[in-house]
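Text of entry_35.txt (compact mmCIF, C-alpha atoms) as supplied:
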# COMPACT_ATOMS: atom_id res chain seq x y z
CA MET E 264 -2.95 -5.70 -40.98
CA CYS E 265 -4.27 -4.12 -37.78
CA VAL E 266 -3.59 -6.31 -34.73
CA GLN E 267 -6.26 -6.00 -32.07
CA PRO E 268 -5.09 -5.85 -28.42
CA TYR E 269 -5.81 -8.89 -26.27
CA ALA E 270 -8.99 -8.52 -24.26
CA ASP E 271 -8.98 -8.61 -20.48
CA ALA E 272 -11.83 -8.39 -18.04
CA PRO E 273 -11.87 -5.12 -16.08
CA LEU E 274 -10.87 -4.97 -12.44
CA VAL E 275 -14.01 -4.82 -10.29
CA VAL E 276 -13.84 -3.38 -6.77
CA ALA E 277 -17.08 -2.90 -4.85
CA GLY E 278 -19.06 -2.76 -8.08
CA ARG E 279 -16.72 -0.19 -9.69
CA TYR E 280 -15.03 -1.13 -12.97
CA PHE E 281 -11.45 -0.18 -13.80
CA HIS E 282 -9.25 -0.85 -16.82
CA SER E 283 -6.00 0.26 -15.19
CA ARG E 284 -4.62 -2.11 -12.57
CA LEU E 285 -2.24 0.45 -11.13
CA MET E 286 -3.39 2.59 -8.21
CA VAL E 287 -1.22 5.54 -7.21
CA GLY E 288 -0.75 7.69 -4.13
CA THR E 289 -0.40 11.47 -4.02
CA GLY E 290 2.17 12.00 -1.26
CA LYS E 291 5.85 12.96 -1.42
CA TYR E 292 5.82 14.80 -4.77
CA ARG E 293 7.42 18.23 -5.11
CA ASP E 294 4.07 19.92 -5.66
CA TYR E 295 0.56 19.22 -6.93
CA SER E 296 1.60 19.98 -10.49
CA GLU E 297 4.10 17.11 -10.42
CA THR E 298 1.48 14.93 -8.74
CA ALA E 299 -0.98 15.58 -11.56
CA ARG E 300 1.57 14.86 -14.28
CA ALA E 301 2.70 11.63 -12.64
CA LEU E 302 -0.87 10.41 -12.23
CA GLU E 303 -1.58 11.13 -15.90
CA ALA E 304 1.57 9.28 -17.02
CA SER E 305 0.69 6.27 -14.85
CA GLY E 306 -2.67 5.80 -16.52
CA THR E 307 -4.22 5.17 -13.12
CA GLU E 308 -7.93 5.50 -12.48
CA VAL E 309 -7.72 5.26 -8.67
CA VAL E 310 -5.88 7.84 -6.58
CA THR E 311 -5.26 7.43 -2.87
CA PHE E 312 -4.42 10.13 -0.33
CA ALA E 313 -4.01 10.44 3.43
CA VAL E 314 -7.08 12.16 4.83
CA ARG E 315 -5.21 13.36 7.94
CA ARG E 316 -2.47 15.03 5.86
CA THR E 317 -4.38 16.37 2.84
CA ASN E 318 -6.32 19.57 2.31
CA LEU E 319 -9.59 18.86 0.52
CA GLY E 320 -10.93 22.35 1.04
CA GLN E 321 -11.10 22.44 4.81
CA SER E 322 -8.13 24.89 4.83
CA VAL E 323 -9.03 27.64 2.39
CA ASP E 324 -5.56 29.24 2.41
CA GLU E 325 -3.71 26.03 1.42
CA PRO E 326 -3.45 24.23 -1.94
CA ASN E 327 -6.39 21.89 -2.46
CA LEU E 328 -5.65 18.39 -3.75
CA LEU E 329 -8.94 18.37 -5.65
CA ASP E 330 -7.69 21.22 -7.84
CA ALA E 331 -5.02 18.85 -9.20
CA VAL E 332 -6.86 15.55 -8.92
CA SER E 333 -10.33 15.88 -10.35
CA PRO E 334 -12.98 13.57 -8.87
CA ALA E 335 -14.60 13.65 -12.31
CA ARG E 336 -11.53 11.94 -13.78
CA TYR E 337 -10.26 9.75 -10.94
CA THR E 338 -11.87 7.52 -8.35
CA LEU E 339 -10.70 8.89 -5.02
CA LEU E 340 -9.46 6.46 -2.39
CA PRO E 341 -9.07 8.27 0.94
CA ASN E 342 -6.84 6.35 3.32
CA THR E 343 -6.27 6.28 7.06
CA ALA E 344 -2.45 6.63 7.02
CA GLY E 345 -1.20 7.87 10.37
CA CYS E 346 -3.82 5.99 12.39
CA TYR E 347 -2.60 3.59 15.09
CA ASN E 348 -5.89 2.25 16.41
CA ALA E 349 -9.33 1.32 15.14
CA ARG E 350 -11.05 4.30 16.72
CA ALA E 351 -8.86 6.83 14.89
CA ALA E 352 -9.21 4.96 11.60
CA VAL E 353 -13.00 4.84 11.79
CA ARG E 354 -13.18 8.52 12.69
CA THR E 355 -10.90 9.39 9.75
CA CYS E 356 -13.07 7.47 7.28
CA ARG E 357 -16.16 9.23 8.54
CA LEU E 358 -14.40 12.57 8.10
CA ALA E 359 -13.54 11.63 4.50
CA ARG E 360 -17.16 10.71 3.85
CA GLU E 361 -18.27 14.10 5.12
CA LEU E 362 -15.66 16.03 3.13
CA LEU E 363 -16.39 14.08 -0.07
CA ASP E 364 -20.20 14.22 0.03
CA GLY E 365 -20.94 10.66 1.11
CA HIS E 366 -17.97 8.91 -0.51
CA ARG E 367 -17.89 5.23 0.59
CA LEU E 368 -14.72 3.69 -0.89
CA VAL E 369 -11.81 3.88 1.58
CA LYS E 370 -8.42 2.35 2.15
CA LEU E 371 -8.13 1.12 5.73
CA GLU E 372 -4.62 1.36 7.15
CA VAL E 373 -4.02 0.85 10.88
CA LEU E 374 -0.34 0.89 11.78
CA GLY E 375 1.46 -0.89 14.59
CA ASP E 376 4.31 1.55 15.24
CA GLU E 377 6.17 4.45 13.68
CA ALA E 378 9.41 2.53 13.20
CA THR E 379 8.09 -0.16 10.84
CA LEU E 380 4.65 1.13 9.79
CA TYR E 381 3.69 -2.55 9.89
CA PRO E 382 -0.06 -3.17 10.04
CA ASN E 383 -1.68 -3.77 13.41
CA VAL E 384 -3.93 -6.60 12.30
CA VAL E 385 -5.93 -6.73 15.55
CA GLU E 386 -6.97 -3.08 15.23
CA THR E 387 -7.38 -3.45 11.46
CA LEU E 388 -9.91 -6.26 11.92
CA LYS E 389 -11.77 -4.26 14.54
CA ALA E 390 -11.94 -1.16 12.32
CA ALA E 391 -12.91 -3.16 9.23
CA GLU E 392 -15.87 -4.72 10.99
CA GLU E 393 -17.16 -1.36 12.20
CA LEU E 394 -16.65 0.39 8.87
CA VAL E 395 -18.40 -2.33 6.86
CA LYS E 396 -21.36 -2.16 9.24
CA ASP E 397 -21.40 1.61 8.73
CA GLY E 398 -21.76 1.21 4.96
CA PHE E 399 -18.18 1.75 3.79
CA ASP E 400 -16.52 -0.16 0.97
CA VAL E 401 -13.26 -1.13 2.66
CA MET E 402 -9.99 -1.95 0.93
CA ALA E 403 -7.78 -3.19 3.76
CA TYR E 404 -3.99 -2.89 4.03
CA THR E 405 -2.73 -5.92 5.92
CA SER E 406 0.16 -8.27 6.55
CA ASP E 407 0.92 -11.15 4.19
CA ASP E 408 -0.83 -13.60 6.54
CA PRO E 409 -3.38 -15.65 4.52
CA ILE E 410 -5.57 -16.25 7.59
CA VAL E 411 -5.87 -12.53 8.33
CA ALA E 412 -6.64 -11.82 4.67
CA LEU E 413 -9.47 -14.34 4.67
CA GLU E 414 -10.87 -12.91 7.90
CA LEU E 415 -10.92 -9.42 6.37
CA GLU E 416 -12.84 -10.84 3.43
CA ARG E 417 -15.24 -12.60 5.79
CA LEU E 418 -15.90 -9.32 7.57
CA GLY E 419 -16.96 -7.80 4.24
CA CYS E 420 -13.89 -6.00 2.91
CA CYS E 421 -14.13 -5.46 -0.85
CA ALA E 422 -10.37 -5.97 -1.36
CA VAL E 423 -7.39 -7.15 0.66
CA MET E 424 -4.02 -5.47 0.22
CA PRO E 425 -1.09 -7.40 1.71
CA LEU E 426 2.25 -5.63 1.89
CA GLY E 427 5.12 -6.70 -0.30
CA SER E 428 7.56 -5.26 2.22
CA LEU E 429 7.60 -2.30 4.60
CA ILE E 430 5.93 0.94 3.49
CA GLY E 431 8.35 3.15 1.60
CA SER E 432 11.17 0.59 1.76
CA GLY E 433 11.30 -0.29 -1.95
CA CYS E 434 12.45 -3.81 -0.98
CA GLY E 435 10.00 -5.61 -3.26
CA ILE E 436 7.95 -8.69 -2.49
CA GLN E 437 9.66 -10.51 0.37
CA ASN E 438 7.24 -13.43 0.69
CA PRO E 439 5.79 -14.37 -2.71
CA HIS E 440 4.64 -17.75 -1.39
CA ASN E 441 2.26 -16.16 1.11
CA ILE E 442 1.01 -13.70 -1.49
CA ARG E 443 0.22 -16.63 -3.78
CA LEU E 444 -1.65 -18.39 -0.93
CA ILE E 445 -3.78 -15.29 -0.39
CA ILE E 446 -4.54 -15.03 -4.10
CA GLU E 447 -5.50 -18.71 -4.34
CA ARG E 448 -7.94 -18.47 -1.41
CA ALA E 449 -9.44 -15.00 -1.70
CA SER E 450 -12.68 -14.28 -3.54
CA VAL E 451 -12.14 -10.52 -3.52
CA PRO E 452 -9.42 -8.60 -5.39
CA VAL E 453 -5.91 -8.91 -3.98
CA LEU E 454 -3.54 -5.94 -4.39
CA ILE E 455 0.08 -5.57 -3.39
CA ASP E 456 0.26 -2.46 -1.24
CA ALA E 457 3.65 -1.20 0.01
CA GLY E 458 7.22 -2.14 -0.76
CA ILE E 459 7.31 -2.01 -4.55
CA GLY E 460 10.44 -0.19 -5.69
CA THR E 461 10.97 -1.01 -9.36
CA PRO E 462 8.86 -1.84 -12.41
CA SER E 463 10.21 -5.42 -12.37
CA GLU E 464 8.76 -5.85 -8.86
CA ALA E 465 5.41 -4.49 -10.01
CA ALA E 466 5.47 -6.94 -12.91
CA LEU E 467 6.26 -9.80 -10.51
CA ALA E 468 3.25 -8.89 -8.37
CA MET E 469 1.02 -9.17 -11.41
CA GLU E 470 2.69 -12.39 -12.60
CA LEU E 471 1.90 -13.93 -9.21
CA GLY E 472 -1.76 -13.27 -9.97
CA CYS E 473 -2.44 -10.07 -8.04
CA ASP E 474 -5.40 -8.12 -9.36
CA ALA E 475 -3.64 -4.77 -9.06
CA VAL E 476 -0.77 -2.89 -7.45
CA LEU E 477 -0.91 0.22 -5.28
CA MET E 478 2.18 2.40 -4.90
CA ASN E 479 3.40 5.87 -4.07
CA SER E 480 7.06 6.09 -3.00
CA ALA E 481 8.44 4.13 -5.96
CA ILE E 482 7.17 6.86 -8.28
CA ALA E 483 7.40 9.96 -6.09
CA HIS E 484 10.97 9.23 -4.89
CA SER E 485 12.33 8.61 -8.38
CA PRO E 486 14.54 11.40 -9.75
CA ASN E 487 12.13 11.42 -12.69
CA PRO E 488 8.65 10.64 -11.29
CA ILE E 489 6.85 11.19 -14.59
CA ARG E 490 9.00 8.70 -16.47
CA MET E 491 8.84 6.21 -13.60
CA ALA E 492 5.05 6.50 -13.54
CA ARG E 493 4.93 5.47 -17.18
CA ALA E 494 7.39 2.64 -16.53
CA MET E 495 5.14 1.33 -13.75
CA LYS E 496 2.12 1.51 -16.04
CA LEU E 497 3.87 -0.61 -18.65
CA ALA E 498 5.21 -3.05 -16.04
CA VAL E 499 1.77 -3.69 -14.56
CA GLU E 500 0.33 -4.23 -18.03
CA ALA E 501 3.17 -6.61 -18.98
CA GLY E 502 2.86 -8.56 -15.74
CA ARG E 503 -0.86 -8.95 -16.23
CA GLU E 504 -0.40 -10.15 -19.82
CA SER E 505 2.24 -12.62 -18.64
CA PHE E 506 -0.09 -14.00 -15.96
CA LEU E 507 -2.95 -14.41 -18.42
CA ALA E 508 -0.69 -16.06 -21.01
CA GLY E 509 0.90 -18.49 -18.56
CA ARG E 510 4.62 -19.11 -18.22
CA MET E 511 6.47 -22.00 -19.84
CA PRO E 512 7.14 -25.00 -17.58
CA ARG E 513 10.49 -25.16 -15.82
CA ARG E 514 12.74 -28.00 -16.97
CA ASP E 515 15.77 -29.71 -15.48
CA ARG E 516 17.64 -29.79 -18.78
CA ALA E 517 18.06 -27.74 -21.92
CA GLU E 518 15.70 -28.11 -24.85
CA ALA E 519 16.50 -26.70 -28.27
CA SER E 520 14.16 -24.02 -29.56
CA SER E 521 14.22 -25.51 -33.05
CA PRO E 522 13.41 -29.20 -33.84
CA LEU E 523 16.38 -31.47 -34.37
CA ALA E 524 14.70 -33.59 -37.05
CA GLY E 525 15.88 -32.77 -40.57
CA CYS E 526 18.98 -30.88 -39.43
CA ILE E 527 21.78 -30.48 -41.96
CA ALA E 528 24.50 -32.94 -41.04
CA SER E 529 27.70 -31.44 -39.72
CA MET E 530 30.76 -31.79 -41.88
Starting from the file, give its structure as structure tokens.
Amino acid sequence: MCVQPYADAPLVVAGRYFHSRLMVGTGKYRDYSETARALEASGTEVVTFAVRRTNLGQSVDEPNLLDAVSPARYTLLPNTAGCYNARAAVRTCRLARELLDGHRLVKLEVLGDEATLYPNVVETLKAAEELVKDGFDVMAYTSDDPIVALELERLGCCAVMPLGSLIGSGCGIQNPHNIRLIIERASVPVLIDAGIGTPSEAALAMELGCDAVLMNSAIAHSPNPIRMARAMKLAVEAGRESFLAGRMPRRDRAEASSPLAGCIASM
């Protein structure tokens, strides 16, 4: 008998439909060949890259990311990594739009300092407002503050992306309670962005109810990025299935898996 897979609604971001709920970055790999193989193994449909650090054809003598990551296959998500104020972030998004022939979907990332790479929420809010008014579809990296997340949604962001922990730290989700508050209140997709280090942490993000997970370092820094990419794919899928199924209730005492009625009497 052929068992049909359980159906799930696609992820919808700014009117775009995706079946994979894992989004993957392109930095920190050994070369573009490894990048391409890791992306394929991950099953991702959305690929993010730092506009300020990536050659998209503006430097003809350097490797071009688009030779390894085809826009015909993947939805590109240019990001503003390396920006520390709203002005720089807005300028970077406009550069991406020019380089990518009018591309509107961007990941907004405005950092507070180089030591923590923690989001500067004041500048993030300022940049988000300007970018939305300029016609961009903005996915915003932010802190795990539910009030800030709701304000980003109010400004018109198409997704909010609270950090699990510091960028590149691999420390996992440090404040699951705040993440759950954001999920419960938001009307736009919520993605964990930053801090995931293992597949179990990716699965936890999905079990909390996140719509997707975005990661880079957890895959690229693995001794075997290709295998880790596949592990992350499976973890995100398992976490999503677990969330849709619903966990069993917690109990204060043990309860036998099999009914006690009709048991054979002990000798």
Residues near range 362-365 of chain E, anyone? I mean within 10 Å using all atoms listed in the file, not counting same-chain ones fewer than 4 positions away, as a PDB file with C-alpha atoms, in the coordinates of the input.
ATOM      1  CA  VAL E 314      -7.080  12.160   4.830  1.00  0.00           C
ATOM      2  CA  LEU E 319      -9.590  18.860   0.520  1.00  0.00           C
ATOM      3  CA  GLY E 320     -10.930  22.350   1.040  1.00  0.00           C
ATOM      4  CA  GLN E 321     -11.100  22.440   4.810  1.00  0.00           C
ATOM      5  CA  PRO E 334     -12.980  13.570  -8.870  1.00  0.00           C
ATOM      6  CA  LEU E 339     -10.700   8.890  -5.020  1.00  0.00           C
ATOM      7  CA  PRO E 341      -9.070   8.270   0.940  1.00  0.00           C
ATOM      8  CA  CYS E 356     -13.070   7.470   7.280  1.00  0.00           C
ATOM      9  CA  ARG E 357     -16.160   9.230   8.540  1.00  0.00           C
ATOM     10  CA  LEU E 358     -14.400  12.570   8.100  1.00  0.00           C
ATOM     11  CA  PHE E 399     -18.180   1.750   3.790  1.00  0.00           C
TER      12      PHE E 399
END
Review point. Between E:Ala349, E:Glu297, E:Glu308, E:Ser463, which one has atoms that come closest to Pro273 in chain E, using all atoms listed in the file?
Key: E:Glu308
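For the atom pair formed by CA of Gln437 in chain E and CA of Ala465 in chain E, the distance is 12.7 Å, given to one decimal.
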Can you sort out the box for range 337-347 of chain E, edges along x, y and z, all listed atoms in, 6 Å on every side, with centre and edge lengths in Å to one decimal, as lines of an AutoDock Vina configuration file?
center_x = -6.5
center_y = 6.7
center_z = 2.1
size_x = 22.7
size_y = 18.2
size_z = 38.0
Exercise for review: Could you check which of E:Pro409, E:Ala313, E:Arg516, E:Ser480 is closest to Gly458 in chain E, using only C-alpha atoms?
Suggested key: E:Ser480
Point to revise | Neighbour list for Arg490 in chain E as a list in words, cut-off 12 Å, all atoms listed in the file, skip fewer than 2 positions in-chain | key: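 In the requested format, the answer is Glu297, Arg300, Ala301, Leu302, Glu303, Ala304, Ser305, Pro462, Ala481, Ile482, Ala483, His484, Ser485, Pro486, Asn487, Pro488, Ala492, Arg493, Ala494, Met495, Lys496 and Leu497 of chain E.
Distances from E:Glu393, E:Ala498, E:Glu414, E:Met478 to Arg448 in chain E were compared using only C-alpha atoms, and the smallest one belongs to E:Glu414.
Nearest residue to Gly278 in chain E, choosing from E:Val453, E:Val499, E:Cys346, E:Cys421 and counting only C-alpha atoms: E:Cys421.
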Exercise for review: Excluding range 424-434 of chain E and any residue of its chain fewer than 3 positions from it, enumerate the residues within 10 Å of it, using all atoms listed in the file, and give them as number ranges by chain.
Suggested key: E: 370-372, 379-382, 402-409, 411-412, 437-439, 441-442, 445, 452-461, 464-465, 468, 473, 475-481, 484
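Coordinates place CA of Leu388 in chain E at a distance of 6.5 Å from CA of Leu415 in chain E.
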Review point. Any idea what the distance is between CA of Arg315 in chain E and CA of Ala352 in chain E?
Key: 10.0 Å
Exercise for review: Find the residues near Ser333 in chain E: any atom within 10 Å, counting only C-alpha atoms, skip ones fewer than 5 places away on the same chain, and give them as a list of chain:residue names.
Suggested key: E:Ala299, E:Val310, E:Leu328, E:Thr338, E:Leu339
Residue neighbourhood Ala501 in chain E, 9 Å, all atoms listed in the file, exclusion window fewer than 4 positions, as a CSV table (one decimal) with C-alpha atoms, in the frame of the given file:
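The file below, selection.csv, is the result:
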chain,number,residue,atom,x,y,z
E,466,ALA,CA,5.5,-6.9,-12.9
E,469,MET,CA,1.0,-9.2,-11.4
E,470,GLU,CA,2.7,-12.4,-12.6
E,496,LYS,CA,2.1,1.5,-16.0
E,497,LEU,CA,3.9,-0.6,-18.6
E,505,SER,CA,2.2,-12.6,-18.6
E,506,PHE,CA,-0.1,-14.0,-16.0
Study note, to complete from the structure: If you count only C-alpha atoms, the residue of E:Val423, E:Leu329, E:Ala378, E:Ala359 closest to Ser450 in chain E turns out to be E:Val423
